[in-house]
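coords-v3.csv (CSV, C-alpha atoms and all ligand atoms)
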```csv
chain,number,residue,atom,x,y,z
A,1,MET,CA,0.0,0.0,0.0
A,2,MET,CA,1.5,3.3,-1.1
A,3,ASP,CA,2.4,5.7,1.8
A,4,ARG,CA,0.6,9.0,1.3
A,5,PRO,CA,2.0,11.6,3.8
A,6,ASP,CA,-0.4,14.2,2.4
A,7,CYS,CA,-3.3,11.9,3.2
A,8,PRO,CA,-2.7,10.0,6.5
A,9,ALA,CA,-4.7,6.8,7.1
A,10,PRO,CA,-7.4,7.0,9.8
A,11,PRO,CA,-7.1,4.7,12.8
A,12,ASP,CA,-9.7,2.3,11.4
A,13,ALA,CA,-8.2,2.1,7.9
A,14,ASP,CA,-7.6,-1.6,8.1
A,15,VAL,CA,-11.1,-2.3,9.3
A,16,ARG,CA,-12.5,-0.2,6.4
A,17,ARG,CA,-10.3,-2.1,3.9
A,18,ALA,CA,-11.3,-5.5,5.3
A,19,VAL,CA,-15.0,-5.3,4.5
A,20,ARG,CA,-16.2,-8.1,2.2
A,21,PRO,CA,-16.3,-7.5,-1.5
A,22,VAL,CA,-19.6,-8.0,-3.3
A,23,ILE,CA,-19.9,-9.0,-7.0
A,24,CYS,CA,-21.3,-6.0,-8.8
A,25,TYR,CA,-23.3,-8.0,-11.4
A,26,PRO,CA,-24.1,-11.5,-10.2
A,27,ASP,CA,-24.5,-13.5,-13.4
A,28,ASP,CA,-26.9,-16.2,-12.1
A,29,THR,CA,-29.9,-14.5,-13.7
A,30,LEU,CA,-28.3,-14.1,-17.2
A,31,PRO,CA,-29.9,-16.2,-19.9
A,32,ASP,CA,-28.4,-19.6,-20.1
A,33,PRO,CA,-25.9,-19.8,-23.1
A,34,ASP,CA,-27.3,-23.3,-23.8
A,35,LEU,CA,-24.0,-24.6,-25.1
A,36,ALA,CA,-25.4,-28.1,-25.6
A,37,ALA,CA,-27.8,-26.7,-28.3
A,38,LEU,CA,-25.0,-24.7,-29.9
A,39,THR,CA,-22.6,-27.7,-29.9
A,40,ALA,CA,-25.3,-29.9,-31.6
A,41,ALA,CA,-25.8,-27.3,-34.3
A,42,ARG,CA,-22.1,-26.9,-34.8
A,43,GLN,CA,-21.7,-30.6,-35.6
A,44,ASP,CA,-23.8,-30.1,-38.8
A,45,ALA,CA,-22.0,-26.9,-39.9
A,46,VAL,CA,-19.8,-26.6,-43.0
A,47,LYS,CA,-17.4,-23.9,-43.9
A,48,VAL,CA,-18.9,-21.3,-46.2
A,49,ALA,CA,-16.4,-18.5,-46.2
A,50,GLU,CA,-12.9,-17.6,-45.0
A,51,THR,CA,-10.9,-14.4,-44.7
A,52,LEU,CA,-7.1,-14.2,-44.0
A,53,VAL,CA,-6.2,-11.0,-42.0
A,54,PRO,CA,-2.7,-10.0,-43.1
A,55,PRO,CA,-0.2,-8.9,-40.4
A,56,ARG,CA,-0.6,-5.2,-39.4
A,57,GLN,CA,-3.9,-5.0,-41.3
A,58,GLY,CA,-7.6,-5.4,-40.7
A,59,ARG,CA,-10.4,-7.2,-42.5
A,60,CYS,CA,-14.2,-7.3,-42.1
A,61,TRP,CA,-16.6,-10.2,-42.9
A,62,ASP,CA,-20.3,-10.9,-42.8
A,63,VAL,CA,-21.8,-13.6,-40.6
A,64,ARG,CA,-25.5,-14.3,-40.4
A,65,ALA,CA,-27.5,-15.1,-37.2
A,66,GLY,CA,-27.1,-18.9,-36.6
A,67,GLN,CA,-23.7,-19.2,-38.2
A,68,PHE,CA,-20.4,-19.7,-36.4
A,69,PHE,CA,-17.1,-17.9,-36.9
A,70,ARG,CA,-13.7,-19.1,-35.8
A,71,ILE,CA,-10.5,-17.1,-35.4
A,72,THR,CA,-7.4,-19.2,-35.7
A,73,CYS,CA,-3.7,-18.5,-35.1
A,74,VAL,CA,-1.7,-19.4,-38.2
A,75,GLY,CA,2.0,-19.0,-38.7
A,76,GLY,CA,3.0,-17.7,-35.2
A,77,ALA,CA,1.8,-16.2,-32.0
A,78,GLN,CA,-0.4,-13.2,-32.8
A,79,VAL,CA,-2.9,-11.0,-31.1
A,80,GLY,CA,-6.1,-9.9,-32.8
A,81,ASP,CA,-8.4,-6.9,-32.0
A,82,LEU,CA,-12.1,-7.9,-32.6
A,83,ASN,CA,-15.0,-5.5,-33.3
A,84,LEU,CA,-18.6,-6.6,-33.9
A,85,TRP,CA,-21.4,-4.5,-35.5
A,86,SER,CA,-25.1,-5.3,-36.1
A,87,ALA,CA,-25.3,-5.8,-39.9
A,88,ALA,CA,-28.8,-4.2,-39.8
A,89,ASP,CA,-27.5,-1.1,-38.0
A,90,PRO,CA,-23.8,-0.7,-37.4
A,91,SER,CA,-24.4,1.9,-34.7
A,92,GLU,CA,-25.4,-1.1,-32.6
A,93,ARG,CA,-21.9,-2.4,-31.6
A,94,PHE,CA,-20.0,-4.5,-29.1
A,95,TYR,CA,-19.9,-2.9,-25.6
A,96,SER,CA,-16.7,-4.2,-24.0
A,97,GLY,CA,-17.3,-2.3,-20.7
A,98,LYS,CA,-20.6,-3.9,-19.9
A,99,THR,CA,-19.4,-7.2,-21.1
A,100,ARG,CA,-16.6,-6.9,-18.6
A,101,ALA,CA,-19.1,-6.0,-15.9
A,102,LEU,CA,-21.2,-9.1,-16.7
A,103,HIS,CA,-18.5,-11.7,-17.4
A,104,GLY,CA,-15.3,-10.5,-15.9
A,105,THR,CA,-12.0,-9.1,-17.3
A,106,HIS,CA,-11.3,-12.0,-19.7
A,107,LEU,CA,-13.7,-14.1,-21.8
A,108,THR,CA,-13.9,-17.8,-22.6
A,109,THR,CA,-16.4,-20.5,-23.6
A,110,GLY,CA,-20.0,-19.7,-22.5
A,111,ASP,CA,-19.4,-15.9,-22.2
A,112,ARG,CA,-21.2,-13.5,-24.6
A,113,MET,CA,-20.3,-10.3,-26.3
A,114,TRP,CA,-23.1,-7.8,-25.5
A,115,SER,CA,-24.1,-4.7,-27.6
A,116,GLY,CA,-24.5,-1.2,-26.2
A,117,PHE,CA,-27.5,0.8,-25.2
A,118,PRO,CA,-30.4,0.8,-25.9
A,119,GLN,CA,-30.2,-2.7,-27.3
A,120,LEU,CA,-28.0,-4.5,-24.7
A,121,ARG,CA,-28.4,-8.0,-26.2
A,122,PRO,CA,-26.0,-10.8,-26.9
A,123,MET,CA,-24.3,-10.3,-30.3
A,124,ALA,CA,-22.2,-13.5,-30.1
A,125,THR,CA,-21.6,-16.4,-27.7
A,126,ILE,CA,-18.1,-18.1,-27.3
A,127,VAL,CA,-18.6,-21.8,-28.0
A,128,ALA,CA,-14.9,-22.9,-28.1
A,129,ASP,CA,-11.6,-21.6,-26.8
A,130,THR,CA,-8.4,-23.8,-27.0
A,131,LEU,CA,-6.7,-21.4,-24.6
A,132,GLY,CA,-9.4,-22.0,-21.9
A,133,TRP,CA,-6.8,-24.0,-20.0
A,134,TYR,CA,-4.8,-20.9,-19.3
A,135,GLY,CA,-6.9,-19.4,-16.5
A,136,PHE,CA,-5.1,-16.7,-14.4
A,137,ASP,CA,-1.3,-16.9,-14.2
A,138,GLY,CA,0.9,-15.8,-11.2
A,139,ASP,CA,1.0,-12.2,-12.5
A,140,GLY,CA,-2.7,-12.1,-12.6
A,141,GLY,CA,-2.7,-12.3,-16.4
A,142,SER,CA,-5.2,-14.1,-18.6
A,143,VAL,CA,-6.2,-14.2,-22.2
A,144,HIS,CA,-9.0,-12.7,-24.4
A,145,ASP,CA,-9.4,-9.5,-22.4
A,146,VAL,CA,-12.1,-6.9,-22.4
A,147,ILE,CA,-10.1,-4.5,-20.3
A,148,GLY,CA,-7.9,-2.9,-23.0
A,149,THR,CA,-9.2,-0.6,-25.7
A,150,ARG,CA,-7.3,-1.0,-29.0
A,151,CYS,CA,-4.0,0.5,-29.9
A,152,ASP,CA,-4.6,3.7,-31.7
A,153,PRO,CA,-2.6,6.5,-33.4
A,154,TYR,CA,-3.9,9.2,-31.1
A,155,THR,CA,-2.6,7.7,-27.9
A,156,HIS,CA,0.6,6.8,-29.7
A,157,ARG,CA,1.0,10.4,-30.8
A,158,LEU,CA,0.4,11.6,-27.2
A,159,LEU,CA,2.9,9.3,-25.7
A,160,ALA,CA,5.5,8.7,-28.4
A,161,GLY,CA,5.3,12.0,-30.3
A,162,ASP,CA,5.2,10.5,-33.8
A,163,ASP,CA,2.6,9.1,-36.2
A,164,TYR,CA,2.0,5.4,-36.8
A,165,HIS,CA,-0.7,4.4,-39.3
A,166,HIS,CA,-1.2,0.6,-38.7
A,167,CYS,CA,-2.6,0.7,-35.2
A,168,CYS,CA,-5.6,-1.7,-34.6
A,169,HIS,CA,-7.9,1.4,-34.5
A,170,SER,CA,-6.6,2.5,-37.9
A,171,ASN,CA,-6.8,-1.1,-39.4
A,172,LEU,CA,-10.3,-1.6,-38.2
A,173,THR,CA,-11.4,1.8,-39.5
A,174,ARG,CA,-10.0,1.1,-43.0
A,175,ALA,CA,-11.4,-2.4,-43.0
A,176,LEU,CA,-14.9,-1.2,-42.1
A,177,ALA,CA,-14.8,1.6,-44.6
A,178,ALA,CA,-13.8,-0.8,-47.4
A,179,HIS,CA,-16.5,-3.3,-46.3
A,180,LEU,CA,-19.3,-0.6,-46.3
A,181,GLY,CA,-17.9,1.3,-49.3
A,182,ARG,CA,-17.6,4.5,-47.2
A,183,ASP,CA,-14.9,7.0,-46.3
A,184,PRO,CA,-12.7,6.0,-43.4
A,185,ARG,CA,-13.2,9.3,-41.6
A,186,GLU,CA,-17.0,8.8,-41.9
A,187,VAL,CA,-17.0,5.3,-40.3
A,188,GLU,CA,-14.2,6.0,-37.7
A,189,PRO,CA,-16.7,6.7,-34.9
A,190,LEU,CA,-18.2,3.2,-35.3
A,191,VAL,CA,-14.9,1.6,-34.4
A,192,HIS,CA,-15.0,0.7,-30.7
A,193,ASP,CA,-13.2,-1.0,-27.8
A,194,VAL,CA,-12.4,-4.6,-28.6
A,195,LEU,CA,-12.2,-8.1,-27.4
A,196,ASN,CA,-8.4,-8.7,-27.4
A,197,VAL,CA,-8.3,-12.1,-29.0
A,198,PHE,CA,-5.3,-14.2,-27.8
A,199,MET,CA,-3.8,-11.3,-25.9
A,200,CYS,CA,-2.5,-12.0,-22.4
A,201,THR,CA,-3.1,-9.1,-20.0
A,202,GLY,CA,-3.8,-8.0,-16.5
A,203,PHE,CA,-3.3,-5.2,-14.0
A,204,THR,CA,-0.1,-4.9,-11.9
A,205,ARG,CA,-0.7,-5.5,-8.3
A,206,ASP,CA,1.3,-2.6,-7.0
A,207,SER,CA,0.3,0.2,-9.4
A,208,GLY,CA,-2.8,-1.2,-11.0
A,209,GLN,CA,-1.4,-0.5,-14.5
A,210,TYR,CA,-2.6,-2.4,-17.5
A,211,PHE,CA,0.1,-4.9,-18.5
A,212,MET,CA,0.6,-7.3,-21.4
A,213,LYS,CA,2.9,-10.3,-21.7
A,214,ALA,CA,3.7,-12.6,-24.7
A,215,SER,CA,0.6,-14.4,-25.7
A,216,PRO,CA,0.6,-18.2,-25.0
A,217,VAL,CA,-1.3,-18.8,-28.3
A,218,ARG,CA,0.4,-21.2,-30.8
A,219,PRO,CA,-0.5,-22.1,-34.4
A,220,GLY,CA,-3.7,-24.1,-34.5
A,221,ASP,CA,-5.2,-22.5,-31.4
A,222,TYR,CA,-8.6,-20.9,-32.0
A,223,ILE,CA,-11.6,-19.2,-30.5
A,224,GLU,CA,-15.0,-19.8,-31.9
A,225,PHE,CA,-18.3,-17.8,-31.7
A,226,TYR,CA,-22.0,-18.4,-32.5
A,227,ALA,CA,-23.5,-15.3,-34.1
A,228,GLU,CA,-26.7,-14.5,-32.2
A,229,ILE,CA,-27.7,-11.7,-34.7
A,230,ASP,CA,-26.6,-10.8,-38.2
A,231,LEU,CA,-23.2,-9.3,-37.8
A,232,ILE,CA,-20.3,-7.6,-39.5
A,233,GLY,CA,-17.1,-8.8,-37.8
A,234,GLY,CA,-13.8,-6.8,-37.9
A,235,LEU,CA,-10.4,-8.1,-36.9
A,236,SER,CA,-7.0,-6.4,-36.9
A,237,ALA,CA,-3.8,-8.4,-36.7
A,238,CYS,CA,-2.2,-6.2,-34.0
A,239,PRO,CA,1.2,-4.6,-35.0
A,240,GLY,CA,2.4,-5.8,-31.6
A,241,GLY,CA,2.4,-9.4,-32.8
A,242,ASP,CA,2.3,-11.6,-29.7
A,243,CYS,CA,2.4,-8.3,-27.6
A,244,GLY,CA,5.3,-9.5,-25.6
A,245,ALA,CA,7.3,-6.3,-26.0
A,246,GLU,CA,5.6,-3.3,-27.6
A,247,HIS,CA,2.8,-2.4,-30.0
A,248,SER,CA,2.1,0.5,-32.4
A,249,SER,CA,5.4,0.0,-34.4
A,250,ASP,CA,6.9,-2.2,-37.1
A,251,THR,CA,9.3,-3.8,-34.6
A,252,ALA,CA,7.5,-7.0,-33.5
A,253,ALA,CA,7.2,-10.1,-35.6
A,254,CYS,CA,3.6,-10.3,-36.9
A,255,HIS,CA,1.6,-13.1,-38.4
A,256,PRO,CA,-1.8,-13.4,-40.2
A,257,LEU,CA,-5.0,-14.6,-38.5
A,258,LEU,CA,-7.5,-16.8,-40.2
A,259,VAL,CA,-11.3,-16.2,-39.9
A,260,GLU,CA,-13.6,-18.9,-41.0
A,261,VAL,CA,-17.5,-18.9,-41.2
A,262,PHE,CA,-19.5,-22.1,-40.7
A,263,ASP,CA,-23.2,-22.7,-41.5
A,264,ALA,CA,-25.3,-25.5,-40.0
A,265,GLY,CA,-28.3,-24.7,-42.3
A,266,ARG,CA,-30.4,-23.9,-39.3
A,267,VAL,CA,-30.3,-21.5,-36.4
A,268,ALA,CA,-29.9,-23.0,-32.9
A,269,ARG,CA,-32.3,-20.6,-31.3
A,270,PRO,CA,-34.3,-17.4,-32.0
A,271,GLN,CA,-32.4,-14.2,-32.2
A,272,PRO,CA,-32.2,-12.2,-29.0
A,273,GLN,CA,-34.4,-9.1,-29.1
A,274,PRO,CA,-33.3,-5.6,-28.0
A,275,SER,CA,-33.7,-4.9,-24.3
A,276,PRO,CA,-37.4,-4.4,-23.5
A,277,TYR,CA,-36.6,-1.6,-21.1
A,278,ARG,CA,-38.7,1.6,-21.9
A,279,TRP,CA,-38.2,5.1,-20.6
A,280,PRO,CA,-41.1,6.4,-18.6
A,281,SER,CA,-43.2,8.7,-20.7
A,282,VAL,CA,-42.5,12.3,-19.8
A,283,SER,CA,-44.5,15.4,-20.9
A,284,PRO,CA,-42.5,17.8,-23.0
A,285,GLY,CA,-41.0,20.7,-21.1
B,1,ZN,ZN,-3.3,-3.5,-31.6
```
Would you encode the structure as structure tokens?
Amino acid sequence: MMDRPDCPAPPDADVRRAVRPVICYPDDTLPDPDLAALTAARQDAVKVAETLVPPRQGRCWDVRAGQFFRITCVGGAQVGDLNLWSAADPSERFYSGKTRALHGTHLTTGDRMWSGFPQLRPMATIVADTLGWYGFDGDGGSVHDVIGTRCDPYTHRLLAGDDYHHCCHSNLTRALAAHLGRDPREVEPLVHDVLNVFMCTGFTRDSGQYFMKASPVRPGDYIEFYAEIDLIGGLSACPGGDCGAEHSSDTAACHPLLVEVFDAGRVARPQPQPSPYRWPSVSPG
């Protein structure tokens, strides 16, 4: 605990610190992911599309409700930054902060990627994760976090003082623009905080700082999702490579990531509807 001479601890400081923590969002009332139904549907699925995301670049793809998509490490350890948008209305997009509040700092099989307000519904459910064995290591690190944001040229400029054009934010922006046939500057506000696929991260115990360490992912490892609604997926092969040293530069060894889409010819369950919450009616003025 840091000594703060300008802010002396009260006599009952230890008592105040020792109160029991309470889980902010107990998850026992969340809808059941029903992995058995998804696993059954997956067995009938055949590959219908694939996209190779080149190193230090981004790509987007379409995936319909009821289909599965898999992200696979090919070639070497590599981190990917994942965005999801509703295909019907890309302003409905993945909400990493609320997903973190509901499922914790790192995602694995059975967790869902939730959209923002006012919809707040599952966009995708994780059905397989070959790094599920990793758990939390001795540094407090784990994989597939929803605590980072995405490497971006603005923070890089702020901290390093120069311009780098292949940050994940930039790659996702260009990929979405190309996918929608729109100008990158126009779609940039749709790019959002990510699921850091394969990235190993945590917070330092002494200073609470966000840390990364070399990803444990190896060629052949994958994470797979069930699309709950019609989606546009976007993935950047992070310029940090395995993120064991640095990001936002051309220094690290980088590898492609493979995205495959599978179709079972049927949907495993109805699409989740937007949140039924309604504002109370208020009279104007
Ligand atoms: Zn990145």
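Residues having any atom no farther than 12 Å from (-26.6, -21.7, -24.2) (counting all atoms listed in the file) are Leu30, Pro31, Asp32, Pro33, Asp34, Leu35, Ala36, Ala37, Leu38, Thr39, Ala40, Ala41, Thr109, Gly110, Asp111, Arg112, Pro122, Ala124, Thr125, Ile126, Val127, Phe225, Tyr226, Glu228, Ala268, Arg269 and Pro270 of chain A.
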Deliver the residues from the most recent selection as a file, using C-alpha atoms, as a PDB file, in the frame of the given file.
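Once written, result29.pdb looks like this:
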```pdb
ATOM      1  CA  LEU A  30     -28.300 -14.100 -17.200  1.00  0.00           C
ATOM      2  CA  PRO A  31     -29.900 -16.200 -19.900  1.00  0.00           C
ATOM      3  CA  ASP A  32     -28.400 -19.600 -20.100  1.00  0.00           C
ATOM      4  CA  PRO A  33     -25.900 -19.800 -23.100  1.00  0.00           C
ATOM      5  CA  ASP A  34     -27.300 -23.300 -23.800  1.00  0.00           C
ATOM      6  CA  LEU A  35     -24.000 -24.600 -25.100  1.00  0.00           C
ATOM      7  CA  ALA A  36     -25.400 -28.100 -25.600  1.00  0.00           C
ATOM      8  CA  ALA A  37     -27.800 -26.700 -28.300  1.00  0.00           C
ATOM      9  CA  LEU A  38     -25.000 -24.700 -29.900  1.00  0.00           C
ATOM     10  CA  THR A  39     -22.600 -27.700 -29.900  1.00  0.00           C
ATOM     11  CA  ALA A  40     -25.300 -29.900 -31.600  1.00  0.00           C
ATOM     12  CA  ALA A  41     -25.800 -27.300 -34.300  1.00  0.00           C
ATOM     13  CA  THR A 109     -16.400 -20.500 -23.600  1.00  0.00           C
ATOM     14  CA  GLY A 110     -20.000 -19.700 -22.500  1.00  0.00           C
ATOM     15  CA  ASP A 111     -19.400 -15.900 -22.200  1.00  0.00           C
ATOM     16  CA  ARG A 112     -21.200 -13.500 -24.600  1.00  0.00           C
ATOM     17  CA  PRO A 122     -26.000 -10.800 -26.900  1.00  0.00           C
ATOM     18  CA  ALA A 124     -22.200 -13.500 -30.100  1.00  0.00           C
ATOM     19  CA  THR A 125     -21.600 -16.400 -27.700  1.00  0.00           C
ATOM     20  CA  ILE A 126     -18.100 -18.100 -27.300  1.00  0.00           C
ATOM     21  CA  VAL A 127     -18.600 -21.800 -28.000  1.00  0.00           C
ATOM     22  CA  PHE A 225     -18.300 -17.800 -31.700  1.00  0.00           C
ATOM     23  CA  TYR A 226     -22.000 -18.400 -32.500  1.00  0.00           C
ATOM     24  CA  GLU A 228     -26.700 -14.500 -32.200  1.00  0.00           C
ATOM     25  CA  ALA A 268     -29.900 -23.000 -32.900  1.00  0.00           C
ATOM     26  CA  ARG A 269     -32.300 -20.600 -31.300  1.00  0.00           C
ATOM     27  CA  PRO A 270     -34.300 -17.400 -32.000  1.00  0.00           C
TER      28      PRO A 270
END
```
Sorted by chain and rising residue number, list the residues of chain A at most 6 Å from ligand ZN 1 (chain B) (counting all atoms listed in the file), each with its closest atom pair and distance in Å to one decimal, as JSON lines.
```
{"residue": "A:Arg150", "atom": "CA", "partner": "B:ZN1", "partner_atom": "ZN", "distance": 5.4}
{"residue": "A:Cys151", "atom": "CA", "partner": "B:ZN1", "partner_atom": "ZN", "distance": 4.4}
{"residue": "A:Cys167", "atom": "CA", "partner": "B:ZN1", "partner_atom": "ZN", "distance": 5.6}
{"residue": "A:Cys168", "atom": "CA", "partner": "B:ZN1", "partner_atom": "ZN", "distance": 4.2}
{"residue": "A:Cys238", "atom": "CA", "partner": "B:ZN1", "partner_atom": "ZN", "distance": 3.8}
{"residue": "A:Pro239", "atom": "CA", "partner": "B:ZN1", "partner_atom": "ZN", "distance": 5.7}
```
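Considering only C-alpha atoms, the residue among A:Val187, A:Ala214, A:Val267, A:Leu231 positioned nearest to Gly141 of chain A is A:Ala214.
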Worksheet entry | Selected residue of minimal separation from Val261 of chain A among A:Gly233, A:Gly148, A:Pro280, A:Gly76, counting only C-alpha atoms | A:Gly233
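Atom CA of Phe68 of chain A to atom CA of Ala45 of chain A spans 8.2 Å [interatomic distance, one decimal].
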Discussion item. Given the point (-14.6, -18.7, -40.3) in the coordinates of this file, which residues lie within 8 Å, counting all atoms listed in the file, and how would they look as a count of residues only?
Written reply: 14
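With distances taken over all atoms listed in the file, A:His144 is the one residue among A:His144, A:Arg42, A:His169, A:Arg266 lying closest to Val217 of chain A.
The space between atom CA of Glu188 of chain A and atom CA of Ala227 of chain A spans 23.5 Å.
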Practice prompt. Write out as JSON, numbers by chain the residues lying within 10 Å of Leu131 of chain A, counting all atoms listed in the file and excluding same-chain residues fewer than 3 positions away.
Written response: {"A": [108, 109, 128, 134, 135, 142, 143, 144, 198, 216, 217, 218, 221, 222, 223]}
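Residue nearest Met113 of chain A, chosen from A:Pro21, A:Pro276, A:Gly97, A:Gly66 and counting all atoms listed in the file: A:Gly97.
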